[in-house]
Each structure stands twice: as C-alpha cells, then as structure tokens.
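**Student:** Got model-v5.csv for you, CSV, C-alpha atoms and all ligand atoms:
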```csv
chain,number,residue,atom,x,y,z
A,182,MET,CA,9.7,-6.0,28.3
A,183,ALA,CA,6.6,-6.0,26.0
A,184,ASN,CA,6.3,-6.8,22.3
A,185,LEU,CA,4.1,-4.9,19.8
A,186,THR,CA,2.9,-6.5,16.6
A,187,TYR,CA,1.4,-4.5,13.8
A,188,ILE,CA,-1.5,-6.6,12.5
A,189,GLY,CA,-2.4,-4.1,9.8
A,190,HIS,CA,-4.6,-1.0,9.3
A,191,SER,CA,-5.1,0.3,12.9
A,192,ALA,CA,-4.8,-3.1,14.5
A,193,PHE,CA,-2.1,-4.0,17.0
A,194,PHE,CA,-1.3,-6.8,19.4
A,195,ILE,CA,0.7,-5.8,22.5
A,196,GLU,CA,1.9,-8.7,24.8
A,197,ASN,CA,4.1,-9.3,27.8
A,198,SER,CA,4.5,-12.4,30.0
A,199,THR,CA,1.0,-12.0,31.5
A,200,CYS,CA,-1.2,-10.4,28.8
A,201,GLY,CA,-2.1,-10.1,25.2
A,202,ILE,CA,-4.0,-6.9,24.2
A,203,LEU,CA,-5.7,-6.6,20.9
A,204,ILE,CA,-6.4,-3.0,19.7
A,205,ASP,CA,-8.9,-2.4,16.9
A,206,PRO,CA,-8.9,-6.0,15.6
A,207,PHE,CA,-9.9,-5.6,12.0
A,208,ILE,CA,-8.6,-8.9,10.8
A,209,SER,CA,-10.9,-11.3,8.9
A,210,GLN,CA,-12.2,-8.6,6.5
A,211,ASN,CA,-8.7,-7.1,5.9
A,212,PRO,CA,-6.8,-9.1,3.3
A,213,LEU,CA,-3.6,-7.4,4.3
A,214,ALA,CA,-3.9,-8.3,8.0
A,215,LYS,CA,-1.6,-10.9,9.5
A,216,PHE,CA,-2.7,-12.4,12.8
A,217,ASP,CA,-4.1,-15.7,14.1
A,218,MET,CA,-7.4,-14.9,15.7
A,219,ASN,CA,-7.1,-18.1,17.7
A,220,ASN,CA,-3.9,-16.8,19.4
A,221,LYS,CA,-4.1,-18.3,22.9
A,222,LYS,CA,-2.4,-15.2,24.4
A,223,ILE,CA,-5.3,-12.9,23.8
A,224,THR,CA,-6.5,-11.6,27.2
A,225,ASP,CA,-7.9,-8.1,26.4
A,226,ILE,CA,-9.5,-6.2,23.5
A,227,ILE,CA,-9.6,-2.4,23.2
A,228,VAL,CA,-11.8,-0.8,20.6
A,229,THR,CA,-11.5,3.0,19.8
A,230,HIS,CA,-14.8,3.2,17.9
A,231,GLY,CA,-17.5,1.2,16.2
A,232,HIS,CA,-16.6,1.5,12.5
A,233,GLY,CA,-16.1,-1.8,10.9
A,234,ASP,CA,-12.4,-1.2,10.2
A,235,HIS,CA,-11.8,-0.9,14.0
A,236,LEU,CA,-14.5,-2.9,15.8
A,237,GLY,CA,-13.6,-5.6,13.3
A,238,ASP,CA,-13.6,-9.1,14.8
A,239,ALA,CA,-13.8,-7.9,18.4
A,240,VAL,CA,-17.1,-9.5,19.2
A,241,PRO,CA,-16.4,-13.0,17.9
A,242,ILE,CA,-12.9,-13.0,19.4
A,243,SER,CA,-14.4,-12.0,22.8
A,244,LYS,CA,-16.9,-14.8,22.5
A,245,SER,CA,-14.2,-17.4,21.6
A,246,THR,CA,-11.5,-16.3,24.0
A,247,GLY,CA,-13.5,-14.7,26.9
A,248,ALA,CA,-11.4,-11.5,26.4
A,249,VAL,CA,-13.1,-8.4,27.7
A,250,ILE,CA,-13.7,-5.6,25.2
A,251,SER,CA,-12.9,-2.2,26.8
A,252,ALA,CA,-14.7,0.6,24.8
A,253,ILE,CA,-16.8,3.7,25.3
A,254,PHE,CA,-20.1,3.1,27.1
A,255,GLU,CA,-22.5,2.9,24.2
A,256,LEU,CA,-20.2,0.7,22.0
A,257,ALA,CA,-19.3,-1.6,24.9
A,258,ASN,CA,-23.0,-2.1,25.7
A,259,TRP,CA,-23.7,-2.9,22.0
A,260,CYS,CA,-20.9,-5.5,22.1
A,261,ALA,CA,-22.4,-7.0,25.3
A,262,ALA,CA,-25.8,-7.2,23.6
A,263,HIS,CA,-24.2,-9.2,20.9
A,264,GLY,CA,-22.7,-11.7,23.3
A,265,ALA,CA,-19.3,-10.3,24.1
A,266,ASN,CA,-17.7,-9.6,27.5
A,267,SER,CA,-17.3,-5.9,27.7
A,268,ASN,CA,-16.1,-3.1,30.0
A,269,PRO,CA,-18.0,0.1,29.4
A,270,VAL,CA,-15.8,3.2,30.0
A,271,GLN,CA,-15.7,6.9,29.5
A,272,MET,CA,-12.9,9.3,28.6
A,273,GLY,CA,-10.7,10.6,31.3
A,274,GLY,CA,-10.7,7.9,33.9
A,275,LEU,CA,-7.5,6.0,34.6
A,276,LEU,CA,-8.5,2.3,34.4
A,277,ASN,CA,-6.5,-0.3,36.2
A,278,TYR,CA,-5.8,-3.7,34.6
A,279,ASN,CA,-3.6,-6.5,35.8
A,280,TRP,CA,-1.2,-5.6,32.9
A,281,GLY,CA,-1.1,-1.8,33.6
A,282,LYS,CA,-3.2,1.2,33.1
A,283,LEU,CA,-5.5,2.5,30.3
A,284,ARG,CA,-7.0,5.9,29.7
A,285,PHE,CA,-9.5,6.8,26.9
A,286,VAL,CA,-8.9,10.2,25.4
A,287,PRO,CA,-10.7,12.3,22.7
A,288,ALA,CA,-10.6,11.7,19.0
A,289,PHE,CA,-12.4,13.9,16.5
A,290,HIS,CA,-14.3,11.6,14.2
A,291,SER,CA,-17.7,10.0,14.1
A,292,ASN,CA,-18.9,6.8,15.7
A,293,SER,CA,-21.6,4.3,14.9
A,294,THR,CA,-22.2,0.5,15.3
A,295,PRO,CA,-22.2,-1.8,12.3
A,296,ASP,CA,-26.1,-1.6,12.3
A,297,GLY,CA,-26.0,2.2,12.2
A,298,LYS,CA,-26.8,2.9,15.9
A,299,TYR,CA,-25.2,5.7,17.9
A,300,ALA,CA,-22.0,4.3,19.5
A,301,GLY,CA,-21.0,7.2,21.8
A,302,MET,CA,-17.9,9.4,21.3
A,303,PRO,CA,-15.0,8.2,19.2
A,304,THR,CA,-11.8,7.8,21.2
A,305,GLY,CA,-8.1,7.3,21.3
A,306,VAL,CA,-6.3,5.4,24.1
A,307,ILE,CA,-3.2,5.7,26.2
A,308,LEU,CA,-1.9,2.3,27.5
A,309,GLU,CA,0.8,2.2,30.2
A,310,ILE,CA,2.5,-1.2,30.1
A,311,ASN,CA,6.0,-2.3,31.2
A,312,GLY,CA,6.9,1.3,32.0
A,313,LYS,CA,6.0,2.6,28.5
A,314,LYS,CA,3.1,4.9,27.5
A,315,ILE,CA,1.6,4.0,24.1
A,316,TYR,CA,-0.9,6.5,22.6
A,317,HIS,CA,-3.1,4.9,19.9
A,318,CYS,CA,-4.9,7.9,18.3
A,319,GLY,CA,-7.8,5.9,16.9
A,320,ASP,CA,-9.3,7.8,13.8
A,321,THR,CA,-8.9,11.5,14.3
A,322,CYS,CA,-8.0,14.8,12.7
A,323,LEU,CA,-5.2,16.9,14.1
A,324,SER,CA,-6.5,18.3,17.4
A,325,SER,CA,-5.3,20.7,20.1
A,326,GLU,CA,-6.2,17.8,22.5
A,327,MET,CA,-2.9,16.4,21.4
A,328,LYS,CA,-1.1,19.3,23.1
A,329,VAL,CA,-2.9,18.4,26.3
A,330,ILE,CA,-2.0,14.7,25.9
A,331,GLY,CA,1.6,15.7,25.4
A,332,GLU,CA,1.8,18.1,28.3
A,333,VAL,CA,-0.1,16.0,30.8
A,334,TYR,CA,0.3,12.4,29.9
A,335,LYS,CA,3.7,12.5,28.1
A,336,PRO,CA,3.4,9.4,25.9
A,337,ASP,CA,6.5,7.6,24.6
A,338,ILE,CA,5.1,6.0,21.5
A,339,MET,CA,2.4,7.2,19.2
A,340,LEU,CA,0.4,5.0,16.8
A,341,VAL,CA,-0.8,7.6,14.4
A,342,PRO,CA,-3.2,7.5,11.3
A,343,ILE,CA,-1.6,9.0,8.2
A,344,GLY,CA,-3.9,7.9,5.3
A,345,SER,CA,-5.9,11.2,5.0
A,346,HIS,CA,-9.5,11.2,3.7
A,347,PHE,CA,-10.9,9.7,7.0
A,348,THR,CA,-8.1,10.9,9.3
A,349,MET,CA,-5.0,13.1,9.5
A,350,ASP,CA,-2.7,13.1,6.5
A,351,ILE,CA,1.1,12.9,6.7
A,352,ASP,CA,1.7,16.6,7.3
A,353,ASP,CA,-0.8,16.9,10.1
A,354,ALA,CA,0.5,13.7,11.7
A,355,VAL,CA,4.0,15.2,11.8
A,356,ILE,CA,2.5,18.2,13.7
A,357,ALA,CA,0.6,15.7,16.0
A,358,ALA,CA,3.9,13.9,16.8
A,359,GLU,CA,5.5,17.3,17.7
A,360,TRP,CA,2.6,18.3,19.9
A,361,THR,CA,2.6,15.1,21.9
A,362,GLY,CA,6.4,15.1,22.3
A,363,VAL,CA,6.8,11.4,21.6
A,364,LYS,CA,10.2,9.9,20.8
A,365,THR,CA,8.8,7.1,18.5
A,366,VAL,CA,6.0,7.1,16.0
A,367,ILE,CA,4.4,4.2,14.2
A,368,PRO,CA,2.1,5.1,11.2
A,369,MET,CA,-1.2,3.3,10.7
A,370,HIS,CA,-4.5,3.5,8.8
A,371,TYR,CA,-2.9,3.8,5.3
A,372,ASN,CA,-2.8,1.8,2.1
A,373,THR,CA,-5.6,-0.6,3.2
A,374,PHE,CA,-8.1,0.9,0.7
A,375,PRO,CA,-7.7,3.2,-2.3
A,376,PRO,CA,-8.8,6.5,-0.6
A,377,ILE,CA,-6.0,6.1,2.0
A,378,GLN,CA,-3.0,5.4,-0.1
A,379,THR,CA,0.1,7.3,1.0
A,380,ASP,CA,3.8,6.9,1.4
A,381,PRO,CA,4.9,6.0,4.9
A,382,GLN,CA,8.6,6.6,3.9
A,383,MET,CA,7.8,10.2,3.2
A,384,PHE,CA,6.3,10.4,6.7
A,385,LYS,CA,9.5,8.9,8.1
A,386,THR,CA,11.6,11.4,6.2
A,387,LYS,CA,9.6,14.4,7.5
A,388,LEU,CA,9.7,13.1,11.1
A,389,LYS,CA,13.5,12.6,10.8
A,390,ASP,CA,13.8,16.3,10.0
A,391,LYS,CA,12.0,17.0,13.3
A,392,GLY,CA,14.3,14.6,15.3
A,393,VAL,CA,11.5,12.0,15.8
A,394,GLU,CA,12.0,8.3,15.2
A,395,CYS,CA,9.5,6.7,12.8
A,396,ILE,CA,9.2,2.9,12.6
A,397,VAL,CA,7.3,1.7,9.5
A,398,LEU,CA,6.0,-1.8,10.2
A,399,ALA,CA,4.7,-4.3,7.7
A,400,PRO,CA,1.6,-6.3,8.7
A,401,GLY,CA,2.8,-9.1,10.9
A,402,GLU,CA,6.0,-7.4,12.0
A,403,LYS,CA,6.8,-7.4,15.7
A,404,ILE,CA,9.1,-5.1,17.8
A,405,SER,CA,10.1,-4.9,21.4
A,406,ILE,CA,9.0,-1.8,23.2
A,501,NI,NI,-13.5,5.4,11.7
A,502,MN,MN,-11.0,3.9,10.2
```
So that I can check it, write out the structure of this file as structure tokens.
**Tutor:**
Amino acid sequence: MANLTYIGHSAFFIENSTCGILIDPFISQNPLAKFDMNNKKITDIIVTHGHGDHLGDAVPISKSTGAVISAIFELANWCAAHGANSNPVQMGGLLNYNWGKLRFVPAFHSNSTPDGKYAGMPTGVILEINGKKIYHCGDTCLSSEMKVIGEVYKPDIMLVPIGSHFTMDIDDAVIAAEWTGVKTVIPMHYNTFPPIQTDPQMFKTKLKDKGVECIVLAPGEKISI
C-alpha cells in the first residue's frame, strides 16, 4: 500500500514503507501548498520540467535531504551544477529504483531553467509503485501520445492538468482520460494563479458521464492508492 498526498498545483508526495517521492515540488513560492519540506521521509525527487512552478524547491530539498532529482538530461545537469544530487535521464527507458519503476514520457510544452537556459524536452512520468501505475502528465496539451501511453503502458491513475492557458483545459483532459483508459483521475495545475482558474467539480461531473472516477484533492489531502 502506498499513500499519495496532493501538495498543491502539480506537486505530489507518494510514499510507502521504504520511500517518499516528491514530484514537481513547487512549495515555498506557492501560498496554497501544504507540505513540510523538512519531511524526513523524502528519498526521491522527480521533476517534469524546469519551469518555476514545477522545479520549485527541488534543488534546496535535494541539498538538505540528499534526495536524488530524476529529470531530463539537461535539467538534471543544471540541478547538479547548482549543488543537487541528480539522475539525468531520457524519455523511453524503464528506470529501476528501490521503490519501483519510472518511465519518462513526452509532454507537449516548453522547457527552460530558472535562468533562461535550454532545459531539454518537457516530460510526463509513469511511476510503478506497489502494483499501481501512476501517470503524472506534467504540463501538456492533449496529445496522441496519450493513446500510445494508454495502449502500451496502461496506467491506473492519471494526474492531469486542467487549468487551461498553459496546459489542457477540462474538456481536453476528459479526452485524455478516455485515451489513456485510466480508472481514476486526479486534477492538478488549476486555481493557483488567475489565468488557470477552473472548476474541478465540473471536470468530475464530465468524467462521471464517461464512467471515470475523479478524485478532487485539496492541498494537503492524502489518499491510499
Ligand atoms: Ni510549465
Ligand atoms: Mn506549469
């Protein structure tokens, strides 16, 4: 059994008895985020791309905890140059960790470091942990890649951006959920800033019509997966 905590925006903490994985830890600069960055259970950090609302506090948390940041090659090397422990990866490979497996997959977006340097391709990730496959889309538009992800990798849970403007909106996220064939969807990347205001309950209603479960989490809320 693993637990998943929604920190806020696109940040999640997934933990079991042996690991604590932070994804896109945008915490100190997000007044809506709820998470203790000194949490002793942090063992791993995954970052989908270098934008500030995703890279967030990854470097200082890596420095203080020793946790390794897994990210696309250029971004991981930038993190290492700023004193973090990092694991540079590319999309496609199945990466083995002591908690399970991780695969980086495409996202259609842009990607740069906080100082404006090229950060490689933006990504999503699929984590396999405690028998569950969790697909965190990162920032992306609707993409036919999601059909491939559904057909080949068959994720169980999808963490999907719905805020529009920088990512998919609700209607495209409903299509994304159908294409990936997931049973459970958790919305993210909405209501943090004015341009991405939306109604997650409307998303939940639209998914219910498609027979897909939607769990709307408040920042700090934890569920078992
Ligand atoms: Ni972004
Ligand atoms: Mn973003």
**Student:** Which residue gives the smallest distance to ligand MN 502 (chain A) among A:Met218, A:Val397, A:Cys260, A:Ile377, with only C-alpha atoms and all ligand atoms counted?
**Tutor:**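 Looking at the shortest contact to ligand MN 502 (chain A), the residue is A:Ile377.
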**Student:** When you draw a straight line from atom CA of A:Cys318 to atom CA of A:Pro287, how long is it in Å?
**Tutor:** 8.5 Å
**Student:** Using atom CA of A:Ile307 and atom CA of A:Phe285 as the two end points, give the distance in Å to one decimal.
**Tutor:**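 It comes out at 6.4 Å.
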**Student:** Neighbouring residues of ligand NI 501 (chain A) are defined here as those with any atom at most 8 Å from a ligand atom, counting only C-alpha atoms and all ligand atoms; list them as a ChimeraX atom specification.
**Tutor:** /A:230-235,290-292,319-320,347
**Student:** Taking all atoms listed in the file into account, produce a table as CSV in which each residue of chain A with an atom at most 12 Å from an atom of ligand MN 502 (chain A) appears once, together with its shortest atom pair and the distance in Å to one decimal, ordered by chain and rising number.
**Tutor:**
```
residue,atom,partner,partner_atom,distance
A:Gly189,CA,A:MN502,MN,11.8
A:His190,CA,A:MN502,MN,8.1
A:Ser191,CA,A:MN502,MN,7.4
A:Ala192,CA,A:MN502,MN,10.3
A:Asp205,CA,A:MN502,MN,9.4
A:Pro206,CA,A:MN502,MN,11.5
A:Phe207,CA,A:MN502,MN,9.7
A:Val228,CA,A:MN502,MN,11.4
A:Thr229,CA,A:MN502,MN,9.7
A:His230,CA,A:MN502,MN,8.6
A:Gly231,CA,A:MN502,MN,9.2
A:His232,CA,A:MN502,MN,6.5
A:Gly233,CA,A:MN502,MN,7.7
A:Asp234,CA,A:MN502,MN,5.3
A:His235,CA,A:MN502,MN,6.2
A:Leu236,CA,A:MN502,MN,9.5
A:Gly237,CA,A:MN502,MN,10.3
A:Ala288,CA,A:MN502,MN,11.8
A:Phe289,CA,A:MN502,MN,11.9
A:His290,CA,A:MN502,MN,9.3
A:Ser291,CA,A:MN502,MN,9.9
A:Asn292,CA,A:MN502,MN,10.1
A:Ser293,CA,A:MN502,MN,11.6
A:Pro303,CA,A:MN502,MN,10.7
A:Thr304,CA,A:MN502,MN,11.7
A:Gly305,CA,A:MN502,MN,12.0
A:Cys318,CA,A:MN502,MN,10.9
A:Gly319,CA,A:MN502,MN,7.7
A:Asp320,CA,A:MN502,MN,5.6
A:Thr321,CA,A:MN502,MN,8.9
A:Cys322,CA,A:MN502,MN,11.6
A:Val341,CA,A:MN502,MN,11.6
A:Pro342,CA,A:MN502,MN,8.7
A:Ile343,CA,A:MN502,MN,10.9
A:Gly344,CA,A:MN502,MN,9.5
A:Ser345,CA,A:MN502,MN,10.3
A:His346,CA,A:MN502,MN,9.9
A:Phe347,CA,A:MN502,MN,6.6
A:Thr348,CA,A:MN502,MN,7.6
A:Met349,CA,A:MN502,MN,11.0
A:Met369,CA,A:MN502,MN,9.8
A:His370,CA,A:MN502,MN,6.7
A:Tyr371,CA,A:MN502,MN,9.5
A:Asn372,CA,A:MN502,MN,11.7
A:Thr373,CA,A:MN502,MN,9.9
A:Phe374,CA,A:MN502,MN,10.4
A:Pro376,CA,A:MN502,MN,11.3
A:Ile377,CA,A:MN502,MN,9.9
```
**Student:** What are the nearest atom pairs, with distances in Å to one decimal, for all residues of stretch 186-268 of chain A that come at most 10 Å from stretch 297-301 of chain A, using only C-alpha atoms, set out by chain and rising residue number as CSV?
**Tutor:**
```
residue,atom,partner,partner_atom,distance
A:His230,CA,A:Ala300,CA,7.5
A:Gly231,CA,A:Ala300,CA,6.4
A:His232,CA,A:Ala300,CA,9.3
A:Ala252,CA,A:Gly301,CA,9.6
A:Ile253,CA,A:Gly301,CA,6.5
A:Phe254,CA,A:Gly301,CA,6.8
A:Glu255,CA,A:Ala300,CA,4.9
A:Leu256,CA,A:Ala300,CA,4.7
A:Ala257,CA,A:Ala300,CA,8.4
A:Asn258,CA,A:Ala300,CA,9.0
A:Trp259,CA,A:Ala300,CA,7.8
```
